[in-house]
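A.B. asks: Compact mmCIF, C-alpha atoms, file final39.txt:
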```txt
# COMPACT_ATOMS: atom_id res chain seq x y z
CA MET Z 1 94.74 93.57 147.95
CA THR Z 2 95.42 94.71 151.52
CA ALA Z 3 96.79 98.08 152.54
CA SER Z 4 99.91 96.45 153.97
CA VAL Z 5 101.19 95.24 150.60
CA SER Z 6 103.58 97.69 148.98
CA LEU Z 7 103.43 97.91 145.17
CA ILE Z 8 106.42 100.19 144.87
CA ASP Z 9 109.00 101.36 147.39
CA SER Z 10 110.87 104.41 146.12
CA SER Z 11 111.93 105.73 149.52
CA GLY Z 12 115.62 104.89 149.01
CA LEU Z 13 115.68 106.65 145.64
CA ALA Z 14 113.77 109.66 146.98
CA ALA Z 15 116.30 109.98 149.83
CA ALA Z 16 119.27 109.58 147.47
CA LEU Z 17 117.90 112.27 145.13
CA GLU Z 18 117.22 114.62 148.04
CA GLN Z 19 120.78 114.17 149.31
CA PHE Z 20 122.21 114.60 145.79
CA ALA Z 21 120.28 117.86 145.39
CA LEU Z 22 121.22 119.19 148.83
CA GLU Z 23 124.93 118.58 148.24
CA ARG Z 24 124.75 120.73 145.09
CA ASP Z 25 122.44 123.47 146.43
CA TRP Z 26 119.84 122.40 143.86
CA PRO Z 27 116.61 122.25 145.92
CA ARG Z 28 115.80 125.88 145.01
CA TYR Z 29 115.67 124.76 141.34
CA HIS Z 30 113.49 121.76 142.11
CA THR Z 31 110.10 123.46 141.93
CA ALA Z 32 107.21 121.37 140.67
CA ARG Z 33 107.00 123.27 137.38
CA ASN Z 34 110.73 123.00 136.72
CA LEU Z 35 110.62 119.27 137.39
CA VAL Z 36 107.67 118.79 135.02
CA LEU Z 37 109.64 120.57 132.28
CA ALA Z 38 112.71 118.42 133.07
CA LEU Z 39 110.55 115.28 132.98
CA THR Z 40 109.20 116.37 129.59
CA GLY Z 41 112.76 116.74 128.36
CA GLU Z 42 113.68 113.22 129.43
CA VAL Z 43 110.52 111.70 127.94
CA GLY Z 44 111.54 113.42 124.70
CA GLU Z 45 114.93 111.69 124.84
CA LEU Z 46 113.16 108.37 125.46
CA ALA Z 47 110.89 108.96 122.45
CA GLU Z 48 113.93 109.71 120.27
CA ILE Z 49 115.26 106.20 120.90
CA PHE Z 50 112.13 104.70 119.36
CA GLN Z 51 111.16 107.28 116.73
CA TRP Z 52 112.50 105.56 113.61
CA LEU Z 53 112.34 101.93 114.81
CA SER Z 54 109.86 99.35 113.59
CA ASP Z 55 108.04 97.38 116.28
CA GLU Z 56 110.34 94.46 115.46
CA GLU Z 57 113.48 96.57 115.91
CA ALA Z 58 112.11 98.01 119.15
CA ALA Z 59 111.45 94.50 120.49
CA ARG Z 60 115.08 93.52 119.78
CA LEU Z 61 116.61 96.61 121.40
CA ALA Z 62 118.17 94.52 124.20
CA GLU Z 63 120.38 92.81 121.57
CA ASP Z 64 122.21 96.10 120.88
CA PRO Z 65 124.28 96.86 124.03
CA ALA Z 66 124.89 100.54 123.23
CA ARG Z 67 121.23 101.22 122.51
CA PHE Z 68 120.12 99.19 125.52
CA THR Z 69 122.41 101.18 127.83
CA HIS Z 70 120.97 104.36 126.34
CA LEU Z 71 117.45 103.09 127.01
CA GLN Z 72 118.37 102.24 130.63
CA GLU Z 73 119.73 105.75 131.11
CA GLU Z 74 116.67 107.49 129.71
CA LEU Z 75 114.28 105.32 131.73
CA ALA Z 76 116.36 106.13 134.81
CA ASP Z 77 116.22 109.86 134.05
CA VAL Z 78 112.44 109.82 133.65
CA LEU Z 79 112.04 107.81 136.85
CA MET Z 80 114.34 110.07 138.85
CA TYR Z 81 112.51 113.27 137.87
CA LEU Z 82 109.19 111.56 138.53
CA VAL Z 83 110.22 110.44 142.04
CA ARG Z 84 111.67 113.88 142.73
CA LEU Z 85 108.45 115.55 141.55
CA ALA Z 86 106.43 113.29 143.87
CA SER Z 87 108.73 114.25 146.76
CA VAL Z 88 108.45 118.01 146.28
CA THR Z 89 104.67 117.88 145.76
CA GLY Z 90 104.13 115.54 148.72
CA VAL Z 91 102.64 112.66 146.73
CA ASP Z 92 102.99 109.09 148.09
CA LEU Z 93 103.61 107.13 144.90
CA ASP Z 94 102.77 103.76 146.42
CA ALA Z 95 99.38 105.01 147.62
CA ALA Z 96 98.84 106.81 144.30
CA VAL Z 97 99.35 103.70 142.14
CA ARG Z 98 97.30 101.58 144.52
CA ASP Z 99 94.35 104.00 144.26
CA LYS Z 100 94.74 104.31 140.49
CA LEU Z 101 94.78 100.55 139.97
CA VAL Z 102 91.49 100.28 141.87
CA LYS Z 103 89.99 103.02 139.68
CA ASN Z 104 91.34 101.39 136.51
CA ALA Z 105 89.88 98.02 137.53
CA ARG Z 106 86.46 99.66 137.86
CA LYS Z 107 86.83 101.52 134.57
CA TYR Z 108 88.06 98.47 132.65
CA PRO Z 109 86.47 95.42 134.33
CA ALA Z 110 88.16 92.13 133.48
CA PRO Z 111 85.96 89.95 131.26
CA MET E 1 126.66 102.54 148.19
CA THR E 2 126.75 98.77 148.08
CA ALA E 3 125.10 96.57 145.48
CA SER E 4 122.83 95.09 148.11
CA VAL E 5 121.00 98.35 148.82
CA SER E 6 117.84 98.75 146.76
CA LEU E 7 116.99 102.30 145.68
CA ILE E 8 113.63 101.36 144.25
CA ASP E 9 111.62 98.17 144.34
CA SER E 10 108.90 98.19 141.70
CA SER E 11 108.52 94.41 141.44
CA GLY E 12 105.07 94.38 143.08
CA LEU E 13 103.79 97.07 140.72
CA ALA E 14 105.32 95.37 137.69
CA ALA E 15 103.61 92.10 138.62
CA ALA E 16 100.27 93.83 139.27
CA LEU E 17 100.42 95.59 135.89
CA GLU E 18 101.34 92.35 134.12
CA GLN E 19 98.40 90.56 135.72
CA PHE E 20 96.05 93.48 134.95
CA ALA E 21 97.11 93.38 131.29
CA LEU E 22 96.86 89.59 131.02
CA GLU E 23 93.32 89.54 132.43
CA ARG E 24 92.24 91.97 129.69
CA ASP E 25 94.22 90.44 126.78
CA TRP E 26 96.23 93.68 126.57
CA PRO E 27 99.83 92.42 126.32
CA ARG E 28 99.63 92.48 122.50
CA TYR E 29 99.04 96.26 122.75
CA HIS E 30 101.90 96.78 125.16
CA THR E 31 104.71 97.17 122.66
CA ALA E 32 107.55 99.50 123.61
CA ARG E 33 106.53 102.13 121.05
CA ASN E 34 102.88 102.08 122.14
CA LEU E 35 103.90 102.47 125.77
CA VAL E 36 106.19 105.42 124.95
CA LEU E 37 103.25 107.13 123.21
CA ALA E 38 100.99 106.35 126.18
CA LEU E 39 103.63 107.70 128.56
CA THR E 40 103.80 110.88 126.47
CA GLY E 41 100.05 111.22 126.77
CA GLU E 42 100.18 110.97 130.56
CA VAL E 43 103.08 113.42 130.86
CA GLY E 44 100.94 115.79 128.81
CA GLU E 45 98.12 115.46 131.35
CA LEU E 46 100.61 116.11 134.15
CA ALA E 47 101.85 119.26 132.36
CA GLU E 48 98.27 120.49 131.98
CA ILE E 49 97.89 120.57 135.77
CA PHE E 50 100.74 123.06 136.03
CA GLN E 51 100.47 125.05 132.80
CA TRP E 52 98.74 128.17 134.10
CA LEU E 53 99.93 128.05 137.73
CA SER E 54 102.46 130.39 139.27
CA ASP E 55 105.28 128.74 141.23
CA GLU E 56 103.48 129.85 144.39
CA GLU E 57 100.21 128.23 143.33
CA ALA E 58 102.05 125.06 142.30
CA ALA E 59 103.72 124.88 145.72
CA ARG E 60 100.31 125.08 147.43
CA LEU E 61 98.66 122.41 145.26
CA ALA E 62 98.33 120.03 148.23
CA GLU E 63 95.90 122.51 149.84
CA ASP E 64 93.34 121.90 147.09
CA PRO E 65 92.05 118.32 147.58
CA ALA E 66 90.53 117.97 144.09
CA ARG E 67 93.66 119.19 142.35
CA PHE E 68 95.91 117.13 144.61
CA THR E 69 93.93 113.96 143.82
CA HIS E 70 94.27 114.79 140.13
CA LEU E 71 98.02 115.21 140.57
CA GLN E 72 98.26 111.84 142.37
CA GLU E 73 96.38 110.17 139.53
CA GLU E 74 98.58 111.64 136.80
CA LEU E 75 101.79 110.80 138.66
CA ALA E 76 100.45 107.25 139.08
CA ASP E 77 99.63 107.00 135.37
CA VAL E 78 103.11 108.16 134.35
CA LEU E 79 104.73 105.75 136.82
CA MET E 80 102.62 102.80 135.71
CA TYR E 81 103.45 103.24 132.03
CA LEU E 82 107.11 103.73 132.91
CA VAL E 83 107.27 100.53 134.97
CA ARG E 84 105.37 98.67 132.24
CA LEU E 85 107.78 99.98 129.60
CA ALA E 86 110.74 98.81 131.69
CA SER E 87 109.12 95.36 132.00
CA VAL E 88 108.51 94.86 128.29
CA THR E 89 111.97 96.14 127.32
CA GLY E 90 113.72 94.09 130.02
CA VAL E 91 115.19 97.04 131.92
CA ASP E 92 115.92 96.64 135.66
CA LEU E 93 114.88 100.05 136.98
CA ASP E 94 116.76 99.68 140.28
CA ALA E 95 120.02 98.91 138.49
CA ALA E 96 119.31 101.66 135.94
CA VAL E 97 118.89 104.43 138.53
CA ARG E 98 121.88 103.15 140.51
CA ASP E 99 124.11 103.35 137.41
CA LYS E 100 122.71 106.73 136.42
CA LEU E 101 123.29 108.23 139.86
CA VAL E 102 126.95 107.18 139.66
CA LYS E 103 127.24 108.82 136.22
CA ASN E 104 125.49 111.97 137.43
CA ALA E 105 127.80 112.20 140.45
CA ARG E 106 130.78 112.13 138.08
CA LYS E 107 129.20 114.66 135.72
CA TYR E 108 128.16 117.05 138.51
CA PRO E 109 130.71 116.60 141.34
CA ALA E 110 129.56 117.93 144.69
CA PRO E 111 131.51 121.05 145.73
CA MET D 1 86.37 136.22 109.57
CA THR D 2 85.63 135.04 106.04
CA ALA D 3 86.59 131.69 104.57
CA SER D 4 88.88 133.37 102.06
CA VAL D 5 91.30 134.73 104.68
CA SER D 6 94.26 132.44 105.29
CA LEU D 7 95.48 132.26 108.89
CA ILE D 8 98.53 130.21 108.07
CA ASP D 9 100.14 129.19 104.79
CA SER D 10 102.55 126.31 105.28
CA SER D 11 102.42 125.02 101.70
CA GLY D 12 105.99 126.13 100.91
CA LEU D 13 107.37 124.43 104.00
CA ALA D 14 105.33 121.28 103.37
CA ALA D 15 106.70 121.09 99.82
CA ALA D 16 110.29 121.73 100.97
CA LEU D 17 110.03 118.99 103.61
CA GLU D 18 108.54 116.55 101.10
CA GLN D 19 111.39 117.24 98.66
CA PHE D 20 113.99 116.98 101.44
CA ALA D 21 112.58 113.59 102.46
CA LEU D 22 112.33 112.28 98.90
CA GLU D 23 115.95 113.17 98.13
CA ARG D 24 117.06 111.05 101.12
CA ASP D 25 114.64 108.14 100.64
CA TRP D 26 113.04 109.05 103.98
CA PRO D 27 109.30 108.94 103.20
CA ARG D 28 109.14 105.27 104.30
CA TYR D 29 110.22 106.43 107.78
CA HIS D 30 107.69 109.25 107.88
CA THR D 31 104.73 107.31 109.20
CA ALA D 32 102.32 109.21 111.44
CA ARG D 33 103.42 107.34 114.58
CA ASN D 34 107.12 107.89 113.87
CA LEU D 35 106.50 111.60 113.34
CA VAL D 36 104.55 111.89 116.61
CA LEU D 37 107.49 110.31 118.44
CA ALA D 38 109.92 112.65 116.64
CA LEU D 39 107.70 115.62 117.53
CA THR D 40 107.73 114.49 121.17
CA GLY D 41 111.51 114.39 121.06
CA GLU D 42 111.72 117.95 119.77
CA VAL D 43 109.20 119.26 122.31
CA GLY D 44 111.42 117.67 124.94
CA GLU D 45 114.40 119.64 123.64
CA LEU D 46 112.30 122.80 123.73
CA ALA D 47 111.30 122.10 127.34
CA GLU D 48 114.96 121.60 128.28
CA ILE D 49 115.71 125.20 127.28
CA PHE D 50 113.23 126.47 129.85
CA GLN D 51 113.43 123.86 132.62
CA TRP D 52 115.67 125.74 135.08
CA LEU D 53 114.82 129.32 134.07
CA SER D 54 112.76 131.74 136.12
CA ASP D 55 109.95 133.52 134.28
CA GLU D 56 112.18 136.61 134.28
CA GLU D 57 115.11 134.74 132.72
CA ALA D 58 112.79 133.16 130.15
CA ALA D 59 111.45 136.59 129.18
CA ARG D 60 115.00 137.84 128.57
CA LEU D 61 116.09 134.85 126.47
CA ALA D 62 116.41 137.01 123.34
CA GLU D 63 119.26 138.90 125.03
CA ASP D 64 121.45 135.77 124.97
CA PRO D 65 122.32 135.13 121.28
CA ALA D 66 123.45 131.51 121.78
CA ARG D 67 120.33 130.57 123.73
CA PHE D 68 118.09 132.47 121.34
CA THR D 69 119.56 130.63 118.34
CA HIS D 70 118.97 127.37 120.19
CA LEU D 71 115.36 128.38 120.83
CA GLN D 72 114.87 129.23 117.14
CA GLU D 73 116.23 125.82 116.16
CA GLU D 74 113.99 123.90 118.52
CA LEU D 75 110.89 125.86 117.52
CA ALA D 76 111.80 125.15 113.89
CA ASP D 77 112.21 121.43 114.59
CA VAL D 78 108.83 121.20 116.32
CA LEU D 79 107.17 123.14 113.48
CA MET D 80 108.78 121.02 110.76
CA TYR D 81 107.65 117.71 112.29
CA LEU D 82 104.19 119.16 112.87
CA VAL D 83 103.82 120.31 109.25
CA ARG D 84 105.19 116.96 108.04
CA LEU D 85 102.72 115.09 110.26
CA ALA D 86 99.86 117.16 108.84
CA SER D 87 101.05 116.32 105.32
CA VAL D 88 101.23 112.56 105.81
CA THR D 89 97.88 112.42 107.63
CA GLY D 90 96.15 114.69 105.09
CA VAL D 91 95.25 117.47 107.51
CA ASP D 92 94.85 121.04 106.16
CA LEU D 93 96.42 123.08 108.96
CA ASP D 94 94.86 126.37 107.88
CA ALA D 95 91.36 124.87 107.95
CA ALA D 96 92.17 123.06 111.22
CA VAL D 97 93.19 126.22 113.10
CA ARG D 98 90.27 128.17 111.63
CA ASP D 99 87.79 125.54 112.89
CA LYS D 100 89.51 125.30 116.27
CA LEU D 101 89.45 129.06 116.79
CA VAL D 102 85.69 129.06 116.19
CA LYS D 103 85.27 126.25 118.73
CA ASN D 104 87.53 128.02 121.24
CA ALA D 105 85.57 131.24 120.85
CA ARG D 106 82.38 129.35 121.72
CA LYS D 107 84.03 127.57 124.65
CA TYR D 108 85.63 130.74 126.04
CA PRO D 109 83.31 133.64 125.08
CA ALA D 110 84.96 137.07 125.31
CA PRO D 111 83.54 139.12 128.19
CA MET W 1 116.27 129.08 97.61
CA THR W 2 116.23 132.86 97.79
CA ALA W 3 115.58 134.97 100.85
CA SER W 4 112.42 136.36 99.30
CA VAL W 5 110.60 133.02 99.23
CA SER W 6 108.42 132.45 102.28
CA LEU W 7 108.26 128.87 103.55
CA ILE W 8 105.57 129.58 106.09
CA ASP W 9 103.41 132.62 106.75
CA SER W 10 101.82 132.44 110.19
CA SER W 11 101.28 136.19 110.62
CA GLY W 12 97.50 135.93 110.31
CA LEU W 13 97.32 133.19 112.93
CA ALA W 14 99.71 135.03 115.25
CA ALA W 15 97.54 138.15 115.02
CA ALA W 16 94.32 136.18 115.57
CA LEU W 17 95.80 134.48 118.66
CA GLU W 18 97.03 137.80 120.03
CA GLN W 19 93.60 139.34 119.60
CA PHE W 20 91.91 136.27 121.12
CA ALA W 21 94.17 136.50 124.17
CA LEU W 22 93.75 140.28 124.56
CA GLU W 23 89.95 140.03 124.49
CA ARG W 24 90.10 137.57 127.42
CA ASP W 25 92.85 139.28 129.44
CA TRP W 26 95.05 136.19 128.88
CA PRO W 27 98.40 137.73 127.86
CA ARG W 28 99.58 137.71 131.51
CA TYR W 29 99.21 133.89 131.44
CA HIS W 30 101.07 133.55 128.15
CA THR W 31 104.60 133.40 129.50
CA ALA W 32 107.08 131.27 127.58
CA ARG W 33 107.21 128.60 130.28
CA ASN W 34 103.42 128.38 130.56
CA LEU W 35 103.13 128.02 126.80
CA VAL W 36 105.76 125.25 126.72
CA LEU W 37 103.77 123.35 129.37
CA ALA W 38 100.55 123.93 127.40
CA LEU W 39 102.27 122.74 124.21
CA THR W 40 103.41 119.60 126.07
CA GLY W 41 99.82 118.99 127.12
CA GLU W 42 98.58 119.20 123.53
CA VAL W 43 101.36 116.96 122.18
CA GLY W 44 100.26 114.46 124.83
CA GLU W 45 96.70 114.56 123.47
CA LEU W 46 98.08 114.05 119.96
CA ALA W 47 100.11 111.03 121.14
CA GLU W 48 96.99 109.55 122.75
CA ILE W 49 95.30 109.38 119.35
CA PHE W 50 98.04 107.11 118.04
CA GLN W 51 99.08 105.16 121.14
CA TRP W 52 97.24 101.89 120.50
CA LEU W 53 97.05 102.06 116.69
CA SER W 54 99.05 99.89 114.31
CA ASP W 55 100.84 101.71 111.49
CA GLU W 56 98.14 100.43 109.17
CA GLU W 57 95.35 101.81 111.35
CA ALA W 58 97.19 105.12 111.70
CA ALA W 59 97.51 105.39 107.92
CA ARG W 60 93.74 104.91 107.53
CA LEU W 61 92.79 107.48 110.18
CA ALA W 62 91.25 109.80 107.56
CA GLU W 63 88.60 107.12 106.87
CA ASP W 64 87.15 107.58 110.35
CA PRO W 65 85.51 111.05 110.40
CA ALA W 66 85.30 111.34 114.21
CA ARG W 67 88.93 110.37 114.71
CA PHE W 68 90.07 112.56 111.83
CA THR W 69 88.27 115.59 113.31
CA HIS W 70 89.95 114.83 116.62
CA LEU W 71 93.33 114.68 114.88
CA GLN W 72 92.67 118.02 113.15
CA GLU W 73 91.81 119.60 116.50
CA GLU W 74 94.93 118.33 118.25
CA LEU W 75 97.21 119.38 115.38
CA ALA W 76 95.54 122.80 115.52
CA ASP W 77 96.08 123.05 119.28
CA VAL W 78 99.78 122.17 118.98
CA LEU W 79 100.23 124.64 116.13
CA MET W 80 98.44 127.46 117.96
CA TYR W 81 100.55 127.12 121.11
CA LEU W 82 103.68 126.89 118.97
CA VAL W 83 102.86 130.07 117.03
CA ARG W 84 101.92 131.84 120.27
CA LEU W 85 105.20 130.74 121.88
CA ALA W 86 107.13 132.09 118.89
CA SER W 87 105.26 135.40 119.22
CA VAL W 88 105.96 135.91 122.90
CA THR W 89 109.63 134.90 122.57
CA GLY W 90 110.15 137.03 119.46
CA VAL W 91 111.07 134.17 117.12
CA ASP W 92 110.39 134.57 113.37
CA LEU W 93 109.22 131.07 112.45
CA ASP W 94 109.76 131.53 108.72
CA ALA W 95 113.38 132.57 109.25
CA ALA W 96 113.82 129.81 111.84
CA VAL W 97 112.71 126.98 109.53
CA ARG W 98 114.71 128.44 106.63
CA ASP W 99 117.90 128.45 108.75
CA LYS W 100 117.20 124.99 110.12
CA LEU W 101 116.63 123.50 106.69
CA VAL W 102 120.03 124.82 105.59
CA LYS W 103 121.65 123.25 108.68
CA ASN W 104 119.80 119.97 108.12
CA ALA W 105 120.91 119.86 104.48
CA ARG W 106 124.54 120.17 105.64
CA LYS W 107 124.08 117.58 108.37
CA TYR W 108 122.29 115.08 106.10
CA PRO W 109 123.64 115.68 102.56
CA ALA W 110 121.47 114.22 99.81
CA PRO W 111 123.15 111.24 98.11
```
When written as structure tokens, how does the structure in this file appear?
C.D. replies:
Amino acid sequence: MTASVSLIDSSGLAAALEQFALERDWPRYHTARNLVLALTGEVGELAEIFQWLSDEEAARLAEDPARFTHLQEELADVLMYLVRLASVTGVDLDAAVRDKLVKNARKYPAP
Amino acid sequence: MTASVSLIDSSGLAAALEQFALERDWPRYHTARNLVLALTGEVGELAEIFQWLSDEEAARLAEDPARFTHLQEELADVLMYLVRLASVTGVDLDAAVRDKLVKNARKYPAP
Amino acid sequence: MTASVSLIDSSGLAAALEQFALERDWPRYHTARNLVLALTGEVGELAEIFQWLSDEEAARLAEDPARFTHLQEELADVLMYLVRLASVTGVDLDAAVRDKLVKNARKYPAP
Amino acid sequence: MTASVSLIDSSGLAAALEQFALERDWPRYHTARNLVLALTGEVGELAEIFQWLSDEEAARLAEDPARFTHLQEELADVLMYLVRLASVTGVDLDAAVRDKLVKNARKYPAP
């Protein structure tokens, strides 16, 4: 893996979220702690989708358009708060996942 | 915003995580419900970083290299489980955040 | 602290929740993993109450009857899933907190 | 159900946690928002116990003493932060669960 390969490019989303916040005078609310609480809230909504489903029902979620749209929305919400949190804390997500994958590969060597 | 503009491209990360899982015979563990629980675990570790910090201390986290590295790792862990969850449930994250931003703009119109 | 002193008595709530579940044919849904996901969902709703509040606003939450009622409901929901989870996994919460307090006192000795 | 019946009595635990905090000069850290983040952290640790388990393995957790002790500790941690959060926000947990059970019985009438 070379440093020039990007694993994830979230720059467009980060810029869109920054602009969205600026247009609504929201940056003052987007402290790291607030965003962690907001992220927790969205992960809770994601968990609610799956709480009473069997593994079989969860695997067939895409067959139910209403539920699948709900899942897309909650995944989007979690991702947006995560990207926003990375922006306000100054974390480069691409570098972060690259480093973590190297650590994980050392921790869990492939057989 | 046109359909051709990508807000986030996580295809490289999704492929790397798939390969990482395959090499370790992990895909059978990567059910949607398991990944939601794993995501919850990582969000918990992220919350722990901030639980006793003032907003001022949280804003200066980047000044403390050890804490900042820890933050990078936890953000990476949350992102990796989120991208993996999107893969196994068949959700296109770029389309999901694009749709959600449109809904959010309707729900919270800019002044 | 002697063994005969009870720190928490949740037996009435545990029995009420068991009866409530039985009357609705819900025990088959109350697996440990489902209850952890449901608990995560409720903690998310609790976090949402506080996500955009300053510490000052959070401290004055009791002055806003609607918000305070909402807080009571979310705390109740978290507590009910927690007590239910303890019931189905066979954990004695009173013994658990007693043991944990002893461990915490060793880990964080009072000055 | 009469008003005189207590569903849960956490007064002993609340007092023990208050004393524990006072002896360590911790009350200044025990703001509502900090405690919600700490609660999120503990729920994450609880989720980690169950993340890769099948429902069958989760149901047999009590057979593995080390894992069962770990489960007891995490349930205790969640409960302690929840009771502490109720204390600092002024919520009466017994009244809260009583009210919520009445609302739940209306929302989900028994057949």
A.B. asks: Which residue out of D:Glu56, D:Asp64, D:Glu42, D:Glu18 has the minimum interatomic distance to chain Z when only C-alpha atoms are used?
C.D. replies: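 Checking each candidate against chain Z, we get D:Glu42 as the closest.
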A.B. asks: What are the residues of chain E that have an atom within 6 Å of an atom of chain W, counting all atoms listed in the file, as a list of chain:residue names?
C.D. replies: E:Asn34, E:Leu37, E:Ala38, E:Thr40, E:Gly41, E:Gly44, E:Glu45, E:Ala47, E:Glu48, E:Gln51, E:Trp52
A.B. asks: Interatomic distance between CA of Ala58 in chain D and CA of Ser10 in chain W?
C.D. replies: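 Interatomic distance, CA of Ala58 in chain D to CA of Ser10 in chain W: 22.8 Å.
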A.B. asks: In Å, rounded to a single decimal, give me how far CA of Ala59 in chain D is from CA of Leu17 in chain W.
C.D. replies: 19.0 Å
A.B. asks: Have a look at CA of Ala14 in chain W and CA of Lys100 in chain W and let me know their distance in Å, one decimal.
C.D. replies: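 Result for CA of Ala14 in chain W versus CA of Lys100 in chain W: 20.8 Å, one decimal.
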A.B. asks: When you look at Asn104 in chain D with a cut-off of 12 Å (counting only C-alpha atoms), what residues show up, excluding the ones that are within fewer than 6 positions of it in the same chain? I need them as a PyMOL selection string.
C.D. replies: (chain D and resi 97-98+110) or (chain W and resi 17+20-21+24+73+76-77+80)
A.B. asks: Excluding Ser11 in chain E and any residue of its chain fewer than 4 positions from it, enumerate the residues within 10 Å of it, using all atoms listed in the file, and give them as a PyMOL selection string.
C.D. replies: (chain Z and resi 6-9) or (chain E and resi 15-17+83+87+92-94)
A.B. asks: Write a file of the selected residues as a PDB file, in the frame of the given file, keeping C-alpha atoms.
C.D. replies:
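Dumped to out.pdb:
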```
ATOM      1  CA  SER Z   6     103.580  97.690 148.980  1.00  0.00           C
ATOM      2  CA  LEU Z   7     103.430  97.910 145.170  1.00  0.00           C
ATOM      3  CA  ILE Z   8     106.420 100.190 144.870  1.00  0.00           C
ATOM      4  CA  ASP Z   9     109.000 101.360 147.390  1.00  0.00           C
TER       5      ASP Z   9
ATOM      6  CA  ALA E  15     103.610  92.100 138.620  1.00  0.00           C
ATOM      7  CA  ALA E  16     100.270  93.830 139.270  1.00  0.00           C
ATOM      8  CA  LEU E  17     100.420  95.590 135.890  1.00  0.00           C
ATOM      9  CA  VAL E  83     107.270 100.530 134.970  1.00  0.00           C
ATOM     10  CA  SER E  87     109.120  95.360 132.000  1.00  0.00           C
ATOM     11  CA  ASP E  92     115.920  96.640 135.660  1.00  0.00           C
ATOM     12  CA  LEU E  93     114.880 100.050 136.980  1.00  0.00           C
ATOM     13  CA  ASP E  94     116.760  99.680 140.280  1.00  0.00           C
TER      14      ASP E  94
END
```
A.B. asks: Could you rebuild range 25-39 of chain D with N, CA and C atoms and give it back as a PDB file, in the frame of the given file?
C.D. replies:
```pdb
ATOM      1  N   ASP D  25     115.371 109.410 100.522  1.00  0.00           N
ATOM      2  CA  ASP D  25     114.640 108.140 100.640  1.00  0.00           C
ATOM      3  C   ASP D  25     114.041 107.976 102.050  1.00  0.00           C
ATOM      4  N   TRP D  26     113.574 109.075 102.618  1.00  0.00           N
ATOM      5  CA  TRP D  26     113.040 109.050 103.980  1.00  0.00           C
ATOM      6  C   TRP D  26     111.525 108.842 104.085  1.00  0.00           C
ATOM      7  N   PRO D  27     110.752 109.022 102.999  1.00  0.00           N
ATOM      8  CA  PRO D  27     109.300 108.940 103.200  1.00  0.00           C
ATOM      9  C   PRO D  27     108.847 107.640 103.873  1.00  0.00           C
ATOM     10  N   ARG D  28     109.551 106.526 103.637  1.00  0.00           N
ATOM     11  CA  ARG D  28     109.140 105.270 104.300  1.00  0.00           C
ATOM     12  C   ARG D  28     109.271 105.348 105.817  1.00  0.00           C
ATOM     13  N   TYR D  29     110.121 106.260 106.331  1.00  0.00           N
ATOM     14  CA  TYR D  29     110.220 106.430 107.780  1.00  0.00           C
ATOM     15  C   TYR D  29     109.173 107.406 108.322  1.00  0.00           C
ATOM     16  N   HIS D  30     108.596 108.193 107.428  1.00  0.00           N
ATOM     17  CA  HIS D  30     107.690 109.250 107.880  1.00  0.00           C
ATOM     18  C   HIS D  30     106.255 108.764 108.018  1.00  0.00           C
ATOM     19  N   THR D  31     106.079 107.738 108.847  1.00  0.00           N
ATOM     20  CA  THR D  31     104.730 107.310 109.200  1.00  0.00           C
ATOM     21  C   THR D  31     104.214 108.279 110.273  1.00  0.00           C
ATOM     22  N   ALA D  32     102.908 108.299 110.455  1.00  0.00           N
ATOM     23  CA  ALA D  32     102.320 109.210 111.440  1.00  0.00           C
ATOM     24  C   ALA D  32     102.877 108.932 112.836  1.00  0.00           C
ATOM     25  N   ARG D  33     102.957 107.662 113.228  1.00  0.00           N
ATOM     26  CA  ARG D  33     103.420 107.340 114.580  1.00  0.00           C
ATOM     27  C   ARG D  33     104.893 107.717 114.779  1.00  0.00           C
ATOM     28  N   ASN D  34     105.714 107.476 113.757  1.00  0.00           N
ATOM     29  CA  ASN D  34     107.120 107.890 113.870  1.00  0.00           C
ATOM     30  C   ASN D  34     107.229 109.405 114.038  1.00  0.00           C
ATOM     31  N   LEU D  35     106.425 110.136 113.279  1.00  0.00           N
ATOM     32  CA  LEU D  35     106.500 111.600 113.340  1.00  0.00           C
ATOM     33  C   LEU D  35     105.993 112.135 114.677  1.00  0.00           C
ATOM     34  N   VAL D  36     105.011 111.464 115.269  1.00  0.00           N
ATOM     35  CA  VAL D  36     104.550 111.890 116.610  1.00  0.00           C
ATOM     36  C   VAL D  36     105.668 111.674 117.626  1.00  0.00           C
ATOM     37  N   LEU D  37     106.369 110.546 117.526  1.00  0.00           N
ATOM     38  CA  LEU D  37     107.490 110.310 118.440  1.00  0.00           C
ATOM     39  C   LEU D  37     108.602 111.337 118.217  1.00  0.00           C
ATOM     40  N   ALA D  38     108.877 111.660 116.952  1.00  0.00           N
ATOM     41  CA  ALA D  38     109.920 112.650 116.640  1.00  0.00           C
ATOM     42  C   ALA D  38     109.505 114.038 117.161  1.00  0.00           C
ATOM     43  N   LEU D  39     108.224 114.357 117.013  1.00  0.00           N
ATOM     44  CA  LEU D  39     107.700 115.620 117.530  1.00  0.00           C
ATOM     45  C   LEU D  39     107.857 115.674 119.052  1.00  0.00           C
TER      46      LEU D  39
END
```
